[in-house]
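Asker: My structure file target-v6.pdb, PDB, C-alpha atoms, pLDDT in the B column, is below:
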ATOM      1  CA  MET A1146     156.001  93.070  94.259  1.00 60.00           C
ATOM      2  CA  THR A1147     152.651  93.617  95.972  1.00 64.00           C
ATOM      3  CA  THR A1148     150.170  90.766  95.888  1.00 85.00           C
ATOM      4  CA  LEU A1149     147.583  92.682  93.858  1.00 83.00           C
ATOM      5  CA  LYS A1150     150.145  93.804  91.295  1.00 87.00           C
ATOM      6  CA  SER A1151     151.515  90.259  90.947  1.00 88.00           C
ATOM      7  CA  LYS A1152     147.942  88.950  90.519  1.00 89.00           C
ATOM      8  CA  LEU A1153     147.420  91.471  87.708  1.00 88.00           C
ATOM      9  CA  GLN A1154     150.672  90.302  86.111  1.00 89.00           C
ATOM     10  CA  GLU A1155     149.680  86.620  86.384  1.00 90.00           C
ATOM     11  CA  ASP A1156     146.234  87.351  84.936  1.00 89.00           C
ATOM     12  CA  LEU A1157     147.862  89.291  82.089  1.00 88.00           C
ATOM     13  CA  ASN A1158     150.085  86.312  81.271  1.00 91.00           C
ATOM     14  CA  ALA A1159     147.066  83.985  81.340  1.00 91.00           C
ATOM     15  CA  ALA A1160     145.089  86.357  79.097  1.00 89.00           C
ATOM     16  CA  ILE A1161     147.967  86.528  76.605  1.00 91.00           C
ATOM     17  CA  LYS A1162     148.263  82.737  76.543  1.00 93.00           C
ATOM     18  CA  GLY A1163     144.506  82.407  76.150  1.00 92.00           C
ATOM     19  CA  ARG A1164     144.534  85.033  73.366  1.00 93.00           C
ATOM     20  CA  ASP A1165     141.988  87.168  75.242  1.00 89.00           C
ATOM     21  CA  GLU A1166     142.675  90.492  73.516  1.00 90.00           C
ATOM     22  CA  LEU A1167     140.277  92.638  75.575  1.00 88.00           C
ATOM     23  CA  ARG A1168     141.538  91.343  78.920  1.00 89.00           C
ATOM     24  CA  SER A1169     145.230  91.471  77.977  1.00 90.00           C
ATOM     25  CA  SER A1170     145.068  95.032  76.601  1.00 91.00           C
ATOM     26  CA  THR A1171     143.103  96.264  79.633  1.00 90.00           C
ATOM     27  CA  LEU A1172     145.509  94.648  82.113  1.00 90.00           C
ATOM     28  CA  ARG A1173     148.504  95.911  80.141  1.00 91.00           C
ATOM     29  CA  LEU A1174     147.215  99.498  80.302  1.00 91.00           C
ATOM     30  CA  THR A1175     146.454  99.159  84.007  1.00 89.00           C
ATOM     31  CA  LEU A1176     149.906  97.748  84.796  1.00 89.00           C
ATOM     32  CA  SER A1177     151.525 100.597  82.875  1.00 92.00           C
ATOM     33  CA  ALA A1178     149.440 103.102  84.889  1.00 91.00           C
ATOM     34  CA  ILE A1179     150.683 101.404  88.080  1.00 89.00           C
ATOM     35  CA  THR A1180     154.290 101.592  86.846  1.00 90.00           C
ATOM     36  CA  ASN A1181     153.839 105.271  85.957  1.00 90.00           C
ATOM     37  CA  GLU A1182     152.570 105.898  89.488  1.00 89.00           C
ATOM     38  CA  GLU A1183     155.585 104.055  90.919  1.00 88.00           C
ATOM     39  CA  VAL A1184     158.109 106.157  89.032  1.00 88.00           C
ATOM     40  CA  ALA A1185     156.292 109.471  89.486  1.00 85.00           C
ATOM     41  CA  GLY A1186     158.022 111.910  91.808  1.00 80.00           C
ATOM     42  CA  LYS A1187     161.668 112.141  92.746  1.00 84.00           C
ATOM     43  CA  SER A1188     162.386 108.460  93.400  1.00 85.00           C
ATOM     44  CA  LYS A1189     161.017 105.100  92.283  1.00 86.00           C
ATOM     45  CA  ARG A1190     159.007 103.236  94.914  1.00 87.00           C
ATOM     46  CA  GLU A1191     156.847 100.160  95.273  1.00 87.00           C
ATOM     47  CA  LEU A1192     153.115 100.819  95.653  1.00 82.00           C
ATOM     48  CA  SER A1193     151.156  99.148  98.439  1.00 83.00           C
ATOM     49  CA  ASP A1194     148.058  97.088  97.619  1.00 82.00           C
ATOM     50  CA  ASP A1195     145.850 100.024  98.686  1.00 81.00           C
ATOM     51  CA  GLU A1196     147.678 102.369  96.331  1.00 84.00           C
ATOM     52  CA  VAL A1197     147.472  99.812  93.502  1.00 85.00           C
ATOM     53  CA  GLN A1198     143.742  99.528  94.173  1.00 84.00           C
ATOM     54  CA  LYS A1199     143.381 103.332  93.925  1.00 85.00           C
ATOM     55  CA  VAL A1200     145.126 103.257  90.533  1.00 87.00           C
ATOM     56  CA  ILE A1201     142.778 100.477  89.358  1.00 86.00           C
ATOM     57  CA  ALA A1202     139.767 102.461  90.620  1.00 85.00           C
ATOM     58  CA  ARG A1203     141.000 105.541  88.751  1.00 87.00           C
ATOM     59  CA  GLU A1204     141.414 103.486  85.557  1.00 89.00           C
ATOM     60  CA  ALA A1205     137.899 102.016  85.978  1.00 87.00           C
ATOM     61  CA  LYS A1206     136.482 105.522  86.438  1.00 87.00           C
ATOM     62  CA  LYS A1207     138.211 106.636  83.227  1.00 90.00           C
ATOM     63  CA  ARG A1208     136.520 103.747  81.407  1.00 89.00           C
ATOM     64  CA  ARG A1209     133.072 104.689  82.776  1.00 88.00           C
ATOM     65  CA  GLU A1210     133.506 108.341  81.797  1.00 89.00           C
ATOM     66  CA  ALA A1211     134.787 107.410  78.332  1.00 91.00           C
ATOM     67  CA  ALA A1212     131.843 105.041  77.810  1.00 90.00           C
ATOM     68  CA  GLU A1213     129.461 107.854  78.743  1.00 90.00           C
ATOM     69  CA  ALA A1214     131.175 110.264  76.346  1.00 91.00           C
ATOM     70  CA  PHE A1215     131.129 107.717  73.519  1.00 91.00           C
ATOM     71  CA  THR A1216     127.436 107.015  74.133  1.00 90.00           C
ATOM     72  CA  GLN A1217     126.611 110.730  73.971  1.00 90.00           C
ATOM     73  CA  GLY A1218     128.694 111.019  70.816  1.00 90.00           C
ATOM     74  CA  GLY A1219     126.774 108.173  69.195  1.00 90.00           C
ATOM     75  CA  ARG A1220     129.718 105.761  69.096  1.00 91.00           C
ATOM     76  CA  SER A1221     128.113 102.718  70.654  1.00 88.00           C
ATOM     77  CA  GLU A1222     130.873 100.265  69.620  1.00 90.00           C
ATOM     78  CA  SER A1223     133.529 102.295  71.422  1.00 89.00           C
ATOM     79  CA  ALA A1224     131.224 102.734  74.423  1.00 88.00           C
ATOM     80  CA  GLU A1225     130.708  98.961  74.608  1.00 90.00           C
ATOM     81  CA  ARG A1226     134.463  98.385  74.508  1.00 90.00           C
ATOM     82  CA  GLU A1227     135.020 100.851  77.372  1.00 90.00           C
ATOM     83  CA  ARG A1228     132.256  99.205  79.445  1.00 89.00           C
ATOM     84  CA  ALA A1229     133.784  95.776  78.839  1.00 90.00           C
ATOM     85  CA  GLU A1230     137.209  97.062  79.963  1.00 89.00           C
ATOM     86  CA  GLY A1231     135.543  98.526  83.070  1.00 87.00           C
ATOM     87  CA  GLU A1232     134.049  95.111  83.863  1.00 87.00           C
ATOM     88  CA  VAL A1233     137.502  93.503  83.569  1.00 87.00           C
ATOM     89  CA  LEU A1234     138.865  96.013  86.104  1.00 86.00           C
ATOM     90  CA  ALA A1235     135.850  95.663  88.447  1.00 85.00           C
ATOM     91  CA  VAL A1236     137.061  92.143  89.307  1.00 85.00           C
ATOM     92  CA  TYR A1237     140.071  93.673  91.102  1.00 84.00           C
ATOM     93  CA  LEU A1238     138.085  96.246  93.079  1.00 80.00           C
ATOM     94  CA  PRO A1239     136.205  95.742  96.364  1.00 77.00           C
ATOM     95  CA  LYS A1240     132.471  95.090  96.070  1.00 79.00           C
ATOM     96  CA  GLN A1241     130.546  98.358  95.751  1.00 76.00           C
ATOM     97  CA  LEU A1242     128.015  99.234  98.442  1.00 73.00           C
ATOM     98  CA  SER A1243     124.341  98.937  97.534  1.00 75.00           C
ATOM     99  CA  ASP A1244     122.214 102.094  97.648  1.00 75.00           C
ATOM    100  CA  GLU A1245     120.558 100.904 100.878  1.00 79.00           C
ATOM    101  CA  GLU A1246     123.902 100.221 102.604  1.00 80.00           C
ATOM    102  CA  LEU A1247     125.252 103.594 101.520  1.00 76.00           C
ATOM    103  CA  GLN A1248     122.070 105.339 102.685  1.00 78.00           C
ATOM    104  CA  GLN A1249     122.379 103.650 106.094  1.00 81.00           C
ATOM    105  CA  ILE A1250     126.032 104.682 106.554  1.00 80.00           C
ATOM    106  CA  VAL A1251     125.298 108.285 105.512  1.00 79.00           C
ATOM    107  CA  ALA A1252     122.239 108.509 107.797  1.00 79.00           C
ATOM    108  CA  GLN A1253     124.386 107.374 110.719  1.00 80.00           C
ATOM    109  CA  ALA A1254     127.041 109.974 109.827  1.00 79.00           C
ATOM    110  CA  VAL A1255     124.392 112.723 109.598  1.00 76.00           C
ATOM    111  CA  GLU A1256     123.239 111.820 113.131  1.00 78.00           C
ATOM    112  CA  GLU A1257     126.855 111.964 114.373  1.00 76.00           C
ATOM    113  CA  ALA A1258     127.377 115.352 112.718  1.00 74.00           C
ATOM    114  CA  LYS A1259     124.141 116.711 114.205  1.00 73.00           C
ATOM    115  CA  ALA A1260     125.212 115.483 117.634  1.00 72.00           C
ATOM    116  CA  ALA A1261     128.455 117.416 117.132  1.00 71.00           C
ATOM    117  CA  GLY A1262     126.454 120.562 116.326  1.00 70.00           C
ATOM    118  CA  ALA A1263     126.522 120.610 112.517  1.00 66.00           C
ATOM    119  CA  GLU A1264     123.146 121.500 110.995  1.00 71.00           C
ATOM    120  CA  GLY A1265     121.636 121.911 107.538  1.00 68.00           C
ATOM    121  CA  PRO A1266     123.419 122.013 104.177  1.00 67.00           C
ATOM    122  CA  ARG A1267     126.530 123.548 105.763  1.00 72.00           C
ATOM    123  CA  ALA A1268     127.108 120.259 107.587  1.00 73.00           C
ATOM    124  CA  MET A1269     128.113 118.641 104.261  1.00 74.00           C
ATOM    125  CA  GLY A1270     131.849 118.822 104.998  1.00 75.00           C
ATOM    126  CA  ALA A1271     131.487 117.393 108.492  1.00 75.00           C
ATOM    127  CA  VAL A1272     129.338 114.508 107.247  1.00 76.00           C
ATOM    128  CA  MET A1273     131.705 113.749 104.339  1.00 77.00           C
ATOM    129  CA  LYS A1274     134.638 113.578 106.790  1.00 75.00           C
ATOM    130  CA  ILE A1275     132.773 110.936 108.800  1.00 78.00           C
ATOM    131  CA  VAL A1276     131.520 108.950 105.764  1.00 78.00           C
ATOM    132  CA  ASN A1277     134.600 108.868 103.501  1.00 76.00           C
ATOM    133  CA  PRO A1278     136.798 106.596 105.665  1.00 76.00           C
ATOM    134  CA  LYS A1279     133.892 104.173 106.124  1.00 77.00           C
ATOM    135  CA  VAL A1280     133.136 103.813 102.403  1.00 74.00           C
ATOM    136  CA  ALA A1281     136.646 104.195 100.958  1.00 71.00           C
ATOM    137  CA  GLY A1282     136.855 102.237  97.733  1.00 69.00           C
ATOM    138  CA  GLN A1283     133.324 100.892  98.088  1.00 74.00           C
ATOM    139  CA  ALA A1284     131.404 103.884  96.739  1.00 75.00           C
ATOM    140  CA  GLU A1285     132.297 106.671  94.356  1.00 75.00           C
ATOM    141  CA  GLY A1286     132.632 110.166  95.796  1.00 73.00           C
ATOM    142  CA  GLY A1287     129.904 111.629  93.592  1.00 77.00           C
ATOM    143  CA  ARG A1288     127.460 108.949  94.658  1.00 79.00           C
ATOM    144  CA  VAL A1289     128.270 109.554  98.341  1.00 77.00           C
ATOM    145  CA  ALA A1290     127.936 113.343  97.967  1.00 79.00           C
ATOM    146  CA  ALA A1291     124.533 112.972  96.300  1.00 79.00           C
ATOM    147  CA  VAL A1292     123.194 110.835  99.168  1.00 79.00           C
ATOM    148  CA  VAL A1293     124.632 113.239 101.776  1.00 78.00           C
ATOM    149  CA  LYS A1294     122.976 116.245 100.057  1.00 79.00           C
ATOM    150  CA  GLN A1295     119.692 114.374  99.811  1.00 76.00           C
ATOM    151  CA  LEU A1296     119.673 113.461 103.519  1.00 75.00           C
ATOM    152  CA  LEU A1297     120.775 116.903 104.663  1.00 73.00           C
ATOM    153  CA  ALA A1298     118.085 118.597 102.560  1.00 71.00           C
ATOM    154  CA  GLY A1299     115.378 116.156 103.709  1.00 65.00           C
TER     155      GLY A1299
END
Just dump the structure as structure tokens.
Answerer:
Amino acid sequence: MTTLKSKLQEDLNAAIKGRDELRSSTLRLTLSAITNEEVAGKSKRELSDDEVQKVIAREAKKRREAAEAFTQGGRSESAERERAEGEVLAVYLPKQLSDEELQQIVAQAVEEAKAAGAEGPRAMGAVMKIVNPKVAGQAEGGRVAAVVKQLLAG
């Protein structure tokens, strides 16, 4: 078992013993999503820590989107619950980049793309190819794309 998955399992056991309903249900759902990912496809396999982290990030994103939808629908209790579950999952994800750090990385990538001959809004793909490996797991794709568009337009 990968170290991240075993940590999730240990934390689930601790949450159950401590009768922490929010934490235990969130970790249970996340572990089942990891198991589903492991058995998807033609043969069962063990996920690496990076793959487990991607599953956790996907689950956290689902919680954020659900919280947004609940807020727009006027269901603040459900939105709060989703946000709280997202905070539980955030503990297992790498620290997110600040806006300034992200801006700096994107600006550097824009310079690299311009040096390679990419100009204007059409350089978006080239810049994203440079930025994505540098910020993997530390910034959401939509956030990165917004900063890239802003810097290419400016």
Asker: Please write the residues picked by the PyMOL selection byres ((chain A and resi 1194-1205) around 12) on this file as a PyMOL selection string.
Answerer: chain A and resi 1146-1153+1171-1183+1190-1193+1206-1212+1227-1241+1281-1286
Asker: Which distance in Å separates CA of Arg1168 (chain A) and CA of Glu1225 (chain A), to one decimal?
Answerer: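 These two atoms are separated by 13.9 Å.
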Asker: Calculate how many Å separate CA of Ala1268 (chain A) from CA of Gln1249 (chain A), rounding to one decimal.
Answerer: 17.3 Å
Asker: Calculate how many Å separate CA of Gly1287 (chain A) from CA of Val1184 (chain A), rounding to one decimal.
Answerer: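 So the two atoms, CA of Gly1287 (chain A) and CA of Val1184 (chain A), lie 29.1 Å apart.
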Asker: Give me the residues near Ile1250 (chain A) as a list of chain:residue names, where near means some atom within 9 Å (using all atoms listed in the file) and where sequence neighbours in that chain fewer than 5 positions away do not count.
Answerer: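 Those residues are A:Glu1245, A:Val1255, A:Val1276, A:Lys1279, A:Val1280.
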